[in-house]
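Student: Handing you this structure, nothing more for now.
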Amino acid sequence: MNDTLRTNEYDVAVIGGGLLGSSIAWGLGRIGQLTCVLDEGDMTKRASRANFALVWVQSKGLGLPEYTGWTVRASENWAKLSDEINHLTGIDVCHQRPGGFHLALSEKELEDRRLSLHRLHNQPGATDYKIEILGHDQVKKQLPHIGPDVVGGTYCPLDGHVNSLRYLRAIHTALKASGIDYRPEHKVSAIEYRNGEFRIVTEQGEIRAGKIVLAAGNANMTLAPMVGLDAPMAPTRGQIIVTERTIPFLDFPLTTIRQTDEGTVMIGDSREEFTDDAVQNLPINAVMADRARRMFPLLGNLNVVRTWSGIRVMPKDGFPIYDQSETCPGAFVACCHSGVTLAPNHAFDIAPMIAQGALDLDRVGAFSAKRFDTKSVQSSGYY
Amino acid sequence: MSFASKLRTAYDVIVIGAGPAGLAAASTSAEAGLTTLLLDENQAPGGQIYRAITFSPLKNSPVLGQDYEAGINLVSSCEKSGADYVAGCTVWSLDRERVVGISRDGEARLIKAERVIIATGALERPFPIPGWTLPGVMTIGAGQTLLKSSGLIPEGRMVLAGQGPLLWLYAAQVLRAGGTIEAICDTTPLKNYIDAAPYLPSFLLSKYWMKGLGLIREVKRKVKIINGITKLSAEGEGKVKRLVWQAGGRSGAIDADVVMLHQGVVPHVNLAMAAGVKHEWDNVQACFRPVLDESGNTNVHGIMIAGDGAGIGGAESAAERGRLAAIDSVSALHPDALSKVPARDNVRNALAKSMLGRKFLDLLYRPTKPFRIPQDDATIVCRCEEITAGEIRASVAIGATGPNQLKSYRRTGMGPCQGRLCGLTVTELLAYERGKTPDEIGYYRLRSPVKPISLAELASMPQDDVAIKAVVRG
Amino acid sequence: MFKRASQSEGHAVKLTVDGAPIVARQGDTVSAAMLAAGLGEPYRHTAVSGVARAPYCMMGVCFDCLVTIDGVGNRQGCLVPVQEGMVITRQKGKREIES
């Protein structure tokens with residue numbers, strides 16, 4: 001613990017030390033901004049500890065075509081992020097982009113998937129990228145261990161995954177190495193904008209900053225109005241099953257199954273409108289386990305070592321919110337569901353915009369929370 | 001035939017763990033006419049202290065001692081009581097609705113109960129010294145298991161290290177069985193004698209002191225004792241070759257083929273914590289223990305804890321606590337049957353009597369900080385994921401405030417043991433590094449399965465439409 | 001690492017470990033039988049780093065006794081009683097899943 005903190009005044013205070021907040025903070029420090037990260041303590045929802053670690057492109061952006069392009073950009077830049085972090089900290093986060101699959105266990109599932117991808121790619125302004133719709137035999141060429149119940153699936157070469165927990169450690173190590181003050185147990189209860197600066201009330205005293213970034217996930221909903229911003233969130237709960245380590249057998253990540261670089265197999269996922277992550281729903285685990293076993297019969301004998309649930313950071317329509325305050329200039333809000341996938345954009349794109357004092361509306365204007373005022377937004381229902 | 005086909009789908013009382021607490025609880029409950037199920041992971045009843053009581057190869061010899069032999073009465077009572085009993089059965093889940101997930105021979109089932117009495121007892125406190133993961137380094141509990149179940153004693157040179165009554169008991173048993181012990185490295189510090197002294201009178205009133213003294217004398221006659229040990233490390237390539245020790249200014253090394261460690265036992269909290277039972281830090285016993293009323297009720301309605309899992313007290317206290325928990329269940333579910341169980345007051349008195357002298361032992365044998373909080377950065381703390389004390393300290397430096405953030409950074413606690421061998425070390429190490437108390441730091445968040453089950457078993461659990469909709473979302 | 005106390009008695013049970021026959025006793029767990037047969041140094045190699053390990057607690061909480069029994073991997077040997085004809089294989093590294 002750093003008890004020689006030299007200041008309580010910063011160029012930028014990032015509120016929230018998860019994947020998103022930490023990536024932005026590192027990006028800010030990287031270009032010379034005196035930055036701190038204000039984080040909660042050990043027992044907090046912390047979606048950054050509870051995600052599926054996918055760096056995912058396929059099926060993203062139905063309802064907001066700009067999101068597709070934003071996602072593709074992130075996928076392209078992840079290797080750069082991974083290299084820089086490795087260079088700075090010596091930690092390899094094992095980013096891999098072999099392409100990814102979504103498998104269907106019935107004709108209806110495959111057809112539903114095909115239709116939604118079709119709608120996605122037909123949206124005006126949508127970024128185009130390759131995606132294949134495959135039958136059982138074609139899938140089997142890449143995933144030789146699939147079971148007979150797999151009817152087919154979709155494949156996108158831009159999909160990948162990373163060791164997201166190791167990335168969390170790496171980015172926090174990078175914060176320390178870059179002289180950025182990461183301050184846990186500094187939960188924020190109030191923010192005041194006065195005389196061109198922000199006064200942030202935390203559980204351990206006041207912090208002042210010229211600019212602030214609200215990166216507190218679902219808690220942004222409470223913090224945003226303090227600085228004239230809006231962040232409508234609709235968190236959902238998801239459960240994950242983790243198995244013991246096994247020899248590598250799965251070369252590609254799936255939307256619902258991936259094998260980590262450690263050898264464990266992660267199986268997901270579920271969606272409930274429920275925000276208690278202390279409870280486990282056994283029938284959901286049974287459904288996920290059953291489907292996983294049908295997709296890869298050899299998984300049946302593998303032992304489940306743990307299960308957990310996480311509360312997704314989820315803006316109301318599923319798309320990121322990047323916004324800047326008009327009443328309190330210098331206050332920004334940033335939250336999204338895909339904190340893993342979008343990490344490079346947060347470090348290399350959003351951070352410089354914040355340092356400059358303004359979001360580049362040509363690039364991220366579509367993600368302003370103003371969209372909630374005008375459009376009646378519909379969730380894709382996936383999340 | 002499926003083991004579960006003979007079981008009910010619901011019981012009045014399910015008792016988990018067939019040690020003294022579980023056996024007593026199940027007997028009392030079944031004798032009162034409550035439908036009772038006793039579940040245990042091992043092949044035969046007895047838990048740890050009475051391990052192999054029904055079949056031990058040393059049954060007809062004086063090696064194990066009279067206290068051990070007395071355990072057979074608990075087993076007989078339980079057999080006569082009519083409780084259903086399943087051996088070799090893993091309990092992997094317990095939820096707040098008292099649905100118990102069990103597994104045996106690759107088959108998983110759910111069984112419901114009005115009352116669940118968790119009697120999973122205790123386990124050895126972690127003893128993180130450099131080299132404690134080397135083949136040949138084991139717990140004294142492991143030594144006792146090998147002795148009781150298989151009549152096995154260490155071959156070659158054996159060293160015992162640590163402190164506590166079990167250390168002396170095992171040493172005596174090994175010697176009686178014809179084994180040899182190179183040395184005992186006693187880590188009890190002088191300070192503990194001073195702290196325990198005020199409680200000497202009640203200790204002398206208890207039965208422990210005569211038995212204890214007898215054992216210690218028996219062992220000291222034949223074994224070299226090195227007192228006041230302040231540092232230990234096990235060394236060897238591929239297996240243990242020697243135990244290196246320091247005792248204040250003195251030091252030495254003892255060649256060893258087997259090193260057995262012991263610094264007390266702590267409640268086995270995994271199932272209870274995963275079920276949502278509130279725990280708090282006990283500073284004397286340096287462990288987390290459940291918050292209970294005097295019958296063993298927890299904050300979760302219908303879930304009770306009895307035995308060493310409630311707080312370390314030894315075999316006799318465990319049995320009395322088991323009886324109290326069962327009596328409370330009878331009182332709640334079938335008060336007419338209270339005449340068939342012992343009077344609560346009598347059991348309370350027996351419990352109090354059995355606890356006489358415990359305070360003295362707790363203070364005398366309170367494990368010392370260097371052996372609870374590893375100083376050497378290279379010492380492994382999380383055995384499953386092979387994480388060292390140095391890596392944990394580095395995690396504090398980048399911002400880990402507690403065990404759960406640490407888990408994310410380093411995977412400590414993510415292995416199959418789910419913190420059983422690292423949780424206390426992690427909590428105390430973090431508390432020490434951050435200048436906090438263990439209560440402030442907290443413990444790993446535990447969830448089911450508390451023991452591994454196969455994916456196929458999990459897949460065989462009941463599904464429902466709501467669950468399917470929550471998962472299948474294209 | 002371990003030998004039978006002379007006062008102890010029990011029926012013999014035959015099994016194989018890595019193809020080689022050993023004689024255990026009724027009441028042994030698989031891990032106890034292996035330790036009695038001198039198969040504890042090493043007993044297994046971990047799935048994390050491949051380092052050598054052997055049983056530590058013998059009561060089912062340390063998971064260092066993992067062994068393959070009759071083709072099923074990662075079983076806690078200290079919880080499984082020996083049976084005549086059991087086929088035991090020691091483990092090296094990550095589990096290979098049987099189909």
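Going by the structure tokens order, chains are called A, B, ..., each with residues numbered from 1, while ligands are numbered from 1 in the order shown.
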Distance table requested - chain B against chain C, cut-off 7 Å, only C-alpha atoms: one row per qualifying residue with the closest atom pair and its distance in Å to one decimal, ordered by chain and rising residue number, as a Markdown table.
Tutor:
| residue | atom | partner | partner_atom | distance |
| --- | --- | --- | --- | --- |
| B:Asn42 | CA | C:Leu79 | CA | 6.0 |
| B:Gln43 | CA | C:Pro81 | CA | 6.8 |
| B:Pro57 | CA | C:Ser8 | CA | 4.9 |
| B:Leu58 | CA | C:Ser8 | CA | 5.0 |
| B:Ser61 | CA | C:Gln7 | CA | 6.5 |
| B:Thr133 | CA | C:Arg53 | CA | 6.6 |
| B:Leu134 | CA | C:Arg53 | CA | 6.1 |
| B:Pro135 | CA | C:Ala54 | CA | 4.6 |
| B:Gly136 | CA | C:Ala54 | CA | 6.9 |
| B:Val137 | CA | C:Tyr56 | CA | 6.6 |
| B:Met138 | CA | C:Tyr56 | CA | 4.3 |
| B:Thr139 | CA | C:Cys57 | CA | 5.5 |
| B:Gly141 | CA | C:Cys57 | CA | 6.6 |
| B:Ala142 | CA | C:Met58 | CA | 4.8 |
| B:Thr145 | CA | C:Met58 | CA | 6.7 |
| B:Leu146 | CA | C:Ala32 | CA | 6.4 |
| B:Ser149 | CA | C:Gly27 | CA | 6.1 |
| B:Ser150 | CA | C:Asp28 | CA | 5.3 |
| B:Gly151 | CA | C:Ser8 | CA | 5.3 |
| B:Leu152 | CA | C:Arg4 | CA | 4.4 |
| B:Ile153 | CA | C:Phe2 | CA | 5.4 |
| B:Pro154 | CA | C:Phe2 | CA | 4.3 |
| B:Glu155 | CA | C:Phe2 | CA | 4.6 |
| B:Gly156 | CA | C:Met1 | CA | 6.9 |
| B:Ala177 | CA | C:Ala5 | CA | 5.6 |
| B:Gly178 | CA | C:Ala5 | CA | 6.6 |
| B:Gly238 | CA | C:Ala52 | CA | 6.0 |
| B:Lys239 | CA | C:Glu41 | CA | 6.0 |
| B:Asp257 | CA | C:Met1 | CA | 7.0 |
| B:Val258 | CA | C:Met1 | CA | 6.9 |
| B:Glu385 | CA | C:Val48 | CA | 6.5 |
| B:Pro416 | CA | C:Phe63 | CA | 6.8 |
| B:Cys417 | CA | C:Cys62 | CA | 5.8 |
| B:Arg420 | CA | C:Val61 | CA | 6.5 |
| B:Leu421 | CA | C:Cys62 | CA | 6.5 |
Student: Which of segment 140-360 of chain B end up as strand (DSSP E or B) when DSSP is run on this backbone - answer as an MDAnalysis selection string?
Tutor: chainID B and resid 152:154 158:162 183:186 225:226 231:235 242:247 250:255 258:262 265:267 279:282 287:290 297 303:305
Student: I need the residues from that last selection saved to file as a compact mmCIF listing (two decimals), in the first residue's frame (with N, CA and C atoms), if you can.
Tutor:
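Below you can see part.txt, which holds the result:
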# COMPACT_ATOMS: atom_id res chain seq x y z
N LEU B 152 0.12 -47.93 9.49
CA LEU B 152 1.40 -47.52 8.91
C LEU B 152 2.12 -46.51 9.80
N ILE B 153 3.42 -46.71 9.95
CA ILE B 153 4.25 -45.74 10.66
C ILE B 153 5.36 -45.30 9.72
N PRO B 154 5.90 -44.11 9.93
CA PRO B 154 6.95 -43.63 9.03
C PRO B 154 8.15 -44.57 9.03
N MET B 158 12.15 -39.74 10.89
CA MET B 158 10.97 -38.91 10.97
C MET B 158 11.16 -37.81 11.99
N VAL B 159 10.76 -36.60 11.63
CA VAL B 159 10.81 -35.47 12.55
C VAL B 159 9.41 -34.89 12.67
N LEU B 160 9.02 -34.56 13.90
CA LEU B 160 7.75 -33.87 14.11
C LEU B 160 8.05 -32.41 14.44
N ALA B 161 7.23 -31.52 13.95
CA ALA B 161 7.46 -30.11 14.24
C ALA B 161 6.14 -29.40 14.48
N GLY B 162 6.15 -28.49 15.44
CA GLY B 162 4.94 -27.70 15.70
C GLY B 162 4.60 -27.70 17.17
N ALA B 183 13.49 -36.44 16.19
CA ALA B 183 13.40 -35.27 17.06
C ALA B 183 12.02 -34.66 16.97
N ILE B 184 11.68 -33.92 18.00
CA ILE B 184 10.47 -33.09 17.95
C ILE B 184 10.93 -31.65 18.07
N CYS B 185 10.58 -30.85 17.07
CA CYS B 185 10.89 -29.42 17.09
C CYS B 185 9.66 -28.70 17.62
N ASP B 186 9.70 -28.31 18.87
CA ASP B 186 8.53 -27.71 19.52
C ASP B 186 8.53 -26.21 19.34
N ILE B 225 13.87 -33.50 22.20
CA ILE B 225 12.98 -32.37 22.00
C ILE B 225 13.81 -31.11 21.86
N ILE B 226 13.54 -30.32 20.85
CA ILE B 226 14.18 -29.01 20.71
C ILE B 226 13.10 -27.98 20.94
N LYS B 231 12.09 -20.78 13.75
CA LYS B 231 12.14 -20.82 12.29
C LYS B 231 12.33 -22.26 11.84
N LEU B 232 11.64 -22.59 10.72
CA LEU B 232 11.75 -23.94 10.18
C LEU B 232 11.81 -23.87 8.66
N SER B 233 12.55 -24.77 8.07
CA SER B 233 12.38 -24.93 6.63
C SER B 233 12.75 -26.35 6.22
N ALA B 234 11.94 -26.89 5.34
CA ALA B 234 12.15 -28.25 4.84
C ALA B 234 12.94 -28.15 3.55
N GLU B 235 13.97 -28.94 3.44
CA GLU B 235 14.81 -28.84 2.25
C GLU B 235 14.96 -30.20 1.58
N ARG B 242 15.87 -32.92 4.68
CA ARG B 242 16.22 -32.46 6.03
C ARG B 242 15.30 -31.33 6.44
N LEU B 243 15.24 -31.16 7.79
CA LEU B 243 14.49 -30.05 8.36
C LEU B 243 15.50 -29.13 9.04
N VAL B 244 15.53 -27.89 8.60
CA VAL B 244 16.47 -26.92 9.16
C VAL B 244 15.72 -26.09 10.17
N TRP B 245 16.31 -25.87 11.33
CA TRP B 245 15.59 -25.16 12.38
C TRP B 245 16.43 -24.08 13.03
N GLN B 246 15.71 -23.11 13.60
CA GLN B 246 16.33 -22.11 14.46
C GLN B 246 15.49 -22.01 15.72
N ALA B 247 16.19 -21.85 16.85
CA ALA B 247 15.47 -21.65 18.11
C ALA B 247 16.17 -20.49 18.80
N ARG B 250 20.13 -20.47 18.68
CA ARG B 250 20.63 -21.79 18.25
C ARG B 250 20.07 -22.15 16.89
N SER B 251 20.76 -23.04 16.19
CA SER B 251 20.24 -23.53 14.91
C SER B 251 20.78 -24.92 14.63
N GLY B 252 20.17 -25.57 13.68
CA GLY B 252 20.64 -26.90 13.32
C GLY B 252 19.86 -27.44 12.15
N ALA B 253 20.23 -28.64 11.73
CA ALA B 253 19.51 -29.31 10.64
C ALA B 253 19.40 -30.78 10.98
N ILE B 254 18.25 -31.36 10.71
CA ILE B 254 18.04 -32.77 11.03
C ILE B 254 17.71 -33.50 9.74
N ASP B 255 18.49 -34.50 9.42
CA ASP B 255 18.18 -35.30 8.22
C ASP B 255 16.85 -36.01 8.44
N VAL B 258 10.74 -38.16 6.47
CA VAL B 258 9.35 -37.74 6.66
C VAL B 258 9.35 -36.61 7.69
N VAL B 259 8.66 -35.54 7.37
CA VAL B 259 8.50 -34.44 8.33
C VAL B 259 7.00 -34.27 8.55
N MET B 260 6.59 -34.30 9.81
CA MET B 260 5.16 -34.10 10.06
C MET B 260 4.94 -32.82 10.85
N LEU B 261 4.04 -32.02 10.34
CA LEU B 261 3.81 -30.70 10.90
C LEU B 261 2.45 -30.64 11.59
N HIS B 262 2.38 -29.83 12.64
CA HIS B 262 1.08 -29.62 13.29
C HIS B 262 1.14 -28.35 14.10
N VAL B 265 -5.72 -27.31 15.01
CA VAL B 265 -6.75 -27.47 14.00
C VAL B 265 -7.69 -26.28 14.03
N VAL B 266 -8.36 -26.05 12.92
CA VAL B 266 -9.27 -24.91 12.79
C VAL B 266 -10.58 -25.39 12.18
N PRO B 267 -11.67 -24.69 12.41
CA PRO B 267 -12.94 -25.12 11.84
C PRO B 267 -12.88 -25.24 10.32
N HIS B 279 -19.56 -15.73 9.70
CA HIS B 279 -18.42 -16.13 10.54
C HIS B 279 -17.73 -14.89 11.08
N GLU B 280 -17.01 -15.07 12.18
CA GLU B 280 -16.23 -13.96 12.72
C GLU B 280 -14.87 -14.48 13.17
N TRP B 281 -13.94 -13.56 13.30
CA TRP B 281 -12.58 -13.94 13.65
C TRP B 281 -12.47 -14.20 15.14
N ASP B 282 -11.86 -15.31 15.51
CA ASP B 282 -11.59 -15.64 16.91
C ASP B 282 -10.11 -15.41 17.14
N CYS B 287 -8.61 -17.99 14.02
CA CYS B 287 -9.31 -18.60 12.90
C CYS B 287 -10.69 -17.97 12.81
N PHE B 288 -11.40 -18.25 11.72
CA PHE B 288 -12.78 -17.83 11.60
C PHE B 288 -13.68 -18.91 12.16
N ARG B 289 -14.67 -18.51 12.93
CA ARG B 289 -15.62 -19.49 13.43
C ARG B 289 -17.02 -18.95 13.21
N PRO B 290 -18.00 -19.85 13.09
CA PRO B 290 -19.36 -19.39 12.78
C PRO B 290 -19.98 -18.68 13.98
N ASN B 297 -27.48 -22.92 16.27
CA ASN B 297 -28.18 -22.28 15.15
C ASN B 297 -27.34 -21.16 14.57
N ILE B 303 -30.18 -24.06 9.47
CA ILE B 303 -28.82 -24.60 9.33
C ILE B 303 -28.09 -24.43 10.66
N MET B 304 -27.56 -25.54 11.15
CA MET B 304 -26.88 -25.54 12.45
C MET B 304 -25.47 -26.09 12.27
N ILE B 305 -24.63 -25.77 13.23
CA ILE B 305 -23.27 -26.31 13.18
C ILE B 305 -22.94 -26.91 14.54
Student: Work out how far atom CA of Ser295 of chain B is from atom CA of Gly322 of chain B, in Å to one decimal.
Tutor: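 According to the coordinates, atom CA of Gly322 of chain B and atom CA of Ser295 of chain B are separated by 8.9 Å.
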Student: I'd like the neighbourhood of Thr16 of chain C as number ranges by chain, where a residue qualifies if any of its atoms comes within 12 Å (using only C-alpha atoms), though same-chain residues fewer than 2 positions away should be ignored.
Tutor: C: 13-14, 18-24, 30, 33-34, 37, 39, 68-70, 82-90
Student: Could you name the residues that touch Tyr10 of chain A at 8 Å or less, counting only C-alpha atoms, but leaving out those on the same chain fewer than 4 positions away, as a PyMOL selection string?
Tutor: chain A and resi 34-36+208-210
Student: Counting only C-alpha atoms, which residues of chain A come no farther than 6 Å from chain B, as a list in words?
Tutor: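 Filtering chain A at 6 Å from chain B with only C-alpha atoms gives Met1, Asp42, Arg113, Leu165, Arg169, Thr173, Ser270, Arg271, Pro283, Ile284, Ala286, Ala289, Asp290, Gly300, Asn301, Leu302, Asn303, Val304, Val305, Arg306 and Tyr382 of chain A.
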Student: Name the closest residue to chain A among the candidates C:Gly73, C:Gly50, C:Leu66, C:Gln91; distances are taken between atoms, counting only C-alpha atoms.
Tutor: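 Answer, going by the shortest atom-to-atom distance: C:Gly73.
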Student: Considering only C-alpha atoms, extract the chain A residues located within 8 Å of chain C and return them as a VMD selection string.
Tutor: chain A and resid 245 to 247 262 to 263 297 to 299 301 to 302
Student: Keeping only C-alpha atoms, write those residues as a PDB file, in the first residue's frame.
Tutor:
ATOM      1  CA  ARG A 245      -7.197 -27.850 -15.761  1.00  0.00           C
ATOM      2  CA  THR A 246      -7.046 -30.174 -18.723  1.00  0.00           C
ATOM      3  CA  ILE A 247      -4.711 -30.599 -21.656  1.00  0.00           C
ATOM      4  CA  GLU A 262      -3.990 -22.183 -17.743  1.00  0.00           C
ATOM      5  CA  GLY A 263      -5.950 -25.097 -19.130  1.00  0.00           C
ATOM      6  CA  PRO A 297     -19.069 -34.555 -24.889  1.00  0.00           C
ATOM      7  CA  LEU A 298     -15.571 -35.052 -23.535  1.00  0.00           C
ATOM      8  CA  LEU A 299     -16.216 -32.253 -21.048  1.00  0.00           C
ATOM      9  CA  ASN A 301     -15.953 -36.246 -17.174  1.00  0.00           C
ATOM     10  CA  LEU A 302     -14.101 -33.091 -16.265  1.00  0.00           C
TER      11      LEU A 302
END
Student: Tell me, as a compact mmCIF listing (two decimals) with C-alpha atoms, in the first residue's frame, which residues lie within 8 Å of segment 318-334 of chain A, counting only C-alpha atoms; anything in the same chain fewer than 4 positions away does not count.
Tutor:
# COMPACT_ATOMS: atom_id res chain seq x y z
CA LEU A 20 -12.28 0.33 -18.07
CA GLY A 61 -23.87 -3.55 -32.89
CA LEU A 64 -26.19 0.92 -33.18
CA TYR A 67 -20.65 0.09 -32.23
CA TYR A 193 -17.86 21.20 -9.34
CA GLY A 196 -13.37 24.98 -12.60
CA GLY A 210 -9.23 19.37 -12.99
CA LYS A 211 -11.12 16.66 -14.81
CA ILE A 212 -12.93 13.52 -13.75
CA VAL A 213 -13.90 10.34 -15.51
CA LEU A 214 -16.81 8.37 -14.09
CA ALA A 215 -15.78 4.79 -14.77
CA ASN A 220 -22.22 5.54 -12.75
CA ALA A 224 -23.45 10.82 -13.19
CA VAL A 227 -22.05 16.33 -12.54
CA GLY A 228 -24.93 16.97 -14.90
CA LEU A 229 -24.62 13.68 -16.74
CA ALA A 231 -25.94 7.04 -17.34
CA MET A 314 -24.82 -2.94 -18.67
CA ILE A 354 -10.14 13.29 -22.16
CA GLY A 357 -10.78 18.14 -22.77
CA ALA A 358 -13.34 16.97 -25.28
CA LEU A 359 -14.66 13.76 -26.78
CA VAL A 364 -17.81 8.53 -30.34
CA GLY A 365 -20.72 10.95 -30.60
CA PHE A 367 -22.40 6.81 -27.71
CA SER A 368 -23.59 9.90 -25.93
CA ALA A 369 -26.31 9.34 -23.36
CA SER A 379 -32.00 -4.10 -25.67
CA SER A 380 -30.90 -6.86 -27.99
CA TYR A 383 -27.30 -9.40 -22.37
Student: Quick one: residues within 10 Å of Val139 of chain A, only C-alpha atoms counted, chain neighbours fewer than 3 positions away excluded, as a list in words?
Tutor: Phe101, Leu103, Ile133, Leu134, Gly135, His136, Gln142, Leu143, Pro144, His145, Ile146, Val150, Val151, Gly152, Gly153, Thr154 and Tyr155 of chain A
Student: For atom CA of Phe252 of chain A and atom CA of Gly147 of chain A, quote the distance in Å rounded to one decimal.
Tutor: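 Taking atom CA of Phe252 of chain A as the start and atom CA of Gly147 of chain A as the end point, the length is 15.8 Å.
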Student: Considering only alpha helix (DSSP H) as DSSP defines it on the backbone, what residues of segment 168-352 of chain A qualify? List them as a ChimeraX atom specification.
Tutor: /A:168-177,220-223,282-295,343-345,351-352
Student: Create the file for the chosen residues now, containing C-alpha atoms and written as a PDB file, in the first residue's frame.
Tutor:
ATOM      1  CA  LEU A 168      -6.378  -6.639 -14.481  1.00  0.00           C
ATOM      2  CA  ARG A 169      -3.204  -7.391 -12.566  1.00  0.00           C
ATOM      3  CA  ALA A 170      -1.087  -6.185 -15.460  1.00  0.00           C
ATOM      4  CA  ILE A 171      -2.914  -2.895 -15.856  1.00  0.00           C
ATOM      5  CA  HIS A 172      -2.748  -2.254 -12.109  1.00  0.00           C
ATOM      6  CA  THR A 173       0.951  -3.082 -12.191  1.00  0.00           C
ATOM      7  CA  ALA A 174       1.251  -0.664 -15.114  1.00  0.00           C
ATOM      8  CA  LEU A 175      -0.495   2.027 -13.089  1.00  0.00           C
ATOM      9  CA  LYS A 176       2.076   1.656 -10.349  1.00  0.00           C
ATOM     10  CA  ALA A 177       4.947   1.546 -12.804  1.00  0.00           C
ATOM     11  CA  ASN A 220     -22.223   5.539 -12.747  1.00  0.00           C
ATOM     12  CA  MET A 221     -25.964   5.708 -12.628  1.00  0.00           C
ATOM     13  CA  THR A 222     -25.734   7.284  -9.183  1.00  0.00           C
ATOM     14  CA  LEU A 223     -22.613   9.353  -9.800  1.00  0.00           C
ATOM     15  CA  LEU A 282     -28.471 -24.329  -9.586  1.00  0.00           C
ATOM     16  CA  PRO A 283     -30.898 -24.969 -12.492  1.00  0.00           C
ATOM     17  CA  ILE A 284     -29.019 -22.379 -14.521  1.00  0.00           C
ATOM     18  CA  ASN A 285     -25.748 -24.144 -13.806  1.00  0.00           C
ATOM     19  CA  ALA A 286     -27.402 -27.393 -14.846  1.00  0.00           C
ATOM     20  CA  VAL A 287     -28.563 -25.934 -18.169  1.00  0.00           C
ATOM     21  CA  MET A 288     -25.149 -24.458 -18.936  1.00  0.00           C
ATOM     22  CA  ALA A 289     -23.381 -27.678 -17.965  1.00  0.00           C
ATOM     23  CA  ASP A 290     -25.756 -29.726 -20.056  1.00  0.00           C
ATOM     24  CA  ARG A 291     -25.334 -27.558 -23.132  1.00  0.00           C
ATOM     25  CA  ALA A 292     -21.570 -27.515 -22.758  1.00  0.00           C
ATOM     26  CA  ARG A 293     -21.522 -31.275 -22.537  1.00  0.00           C
ATOM     27  CA  ARG A 294     -23.638 -31.574 -25.638  1.00  0.00           C
ATOM     28  CA  MET A 295     -21.307 -29.253 -27.490  1.00  0.00           C
ATOM     29  CA  ALA A 343      -9.688  -1.881 -23.472  1.00  0.00           C
ATOM     30  CA  PRO A 344      -7.362  -0.640 -26.253  1.00  0.00           C
ATOM     31  CA  ASN A 345      -9.873   1.978 -27.356  1.00  0.00           C
ATOM     32  CA  ALA A 351      -7.817   8.734 -22.802  1.00  0.00           C
ATOM     33  CA  PRO A 352      -6.284  11.242 -25.268  1.00  0.00           C
TER      34      PRO A 352
END
Student: List as a list of chain:residue names the protein and nucleic acid residues near Ser29 of chain B, meaning an atom at most 9 Å away when only C-alpha atoms are counted, but skip any in the same chain fewer than 2 places from it.
Tutor: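 The residues satisfying every condition are B:Asp12, B:Val13, B:Ala24, B:Ala25, B:Ala26, B:Ser27, B:Glu31, B:Ala32, B:Gly33, B:Leu34, B:Thr35, B:Thr36, B:Ser81, B:Ala83, B:Arg323, B:Ala325, B:Ala326, B:Ile327, B:Ser329, B:Val330, B:Val341.
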Student: Produce a file of the selected residues containing C-alpha atoms, as a JSON list (two decimals), in the first residue's frame.
Tutor:
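File written: selection-v1.json
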[["chain", "number", "residue", "atom", "x", "y", "z"],
["B", 12, "ASP", "CA", -36.41, -33.95, 8.93],
["B", 13, "VAL", "CA", -32.70, -33.74, 9.70],
["B", 24, "ALA", "CA", -24.17, -37.96, 18.37],
["B", 25, "ALA", "CA", -26.48, -35.62, 16.49],
["B", 26, "ALA", "CA", -27.78, -38.31, 14.16],
["B", 27, "SER", "CA", -28.31, -40.75, 17.02],
["B", 31, "GLU", "CA", -33.92, -41.83, 18.55],
["B", 32, "ALA", "CA", -36.52, -39.11, 18.82],
["B", 33, "GLY", "CA", -38.23, -40.44, 15.73],
["B", 34, "LEU", "CA", -37.15, -37.71, 13.29],
["B", 35, "THR", "CA", -36.27, -38.97, 9.81],
["B", 36, "THR", "CA", -32.51, -38.59, 9.83],
["B", 81, "SER", "CA", -30.85, -45.37, 16.28],
["B", 83, "ALA", "CA", -30.68, -43.09, 11.07],
["B", 323, "ARG", "CA", -26.67, -33.64, 20.95],
["B", 325, "ALA", "CA", -28.19, -29.35, 17.97],
["B", 326, "ALA", "CA", -30.32, -32.45, 17.61],
["B", 327, "ILE", "CA", -32.35, -31.64, 20.71],
["B", 329, "SER", "CA", -34.19, -29.73, 16.10],
["B", 330, "VAL", "CA", -36.49, -32.09, 17.93],
["B", 341, "VAL", "CA", -33.83, -37.32, 24.08]]
Student: Quick one, how far is atom CA of Val162 of chain A from atom CA of Gln33 of chain A?
Tutor: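 Taking atom CA of Val162 of chain A as the start and atom CA of Gln33 of chain A as the end point, the length is 27.6 Å.
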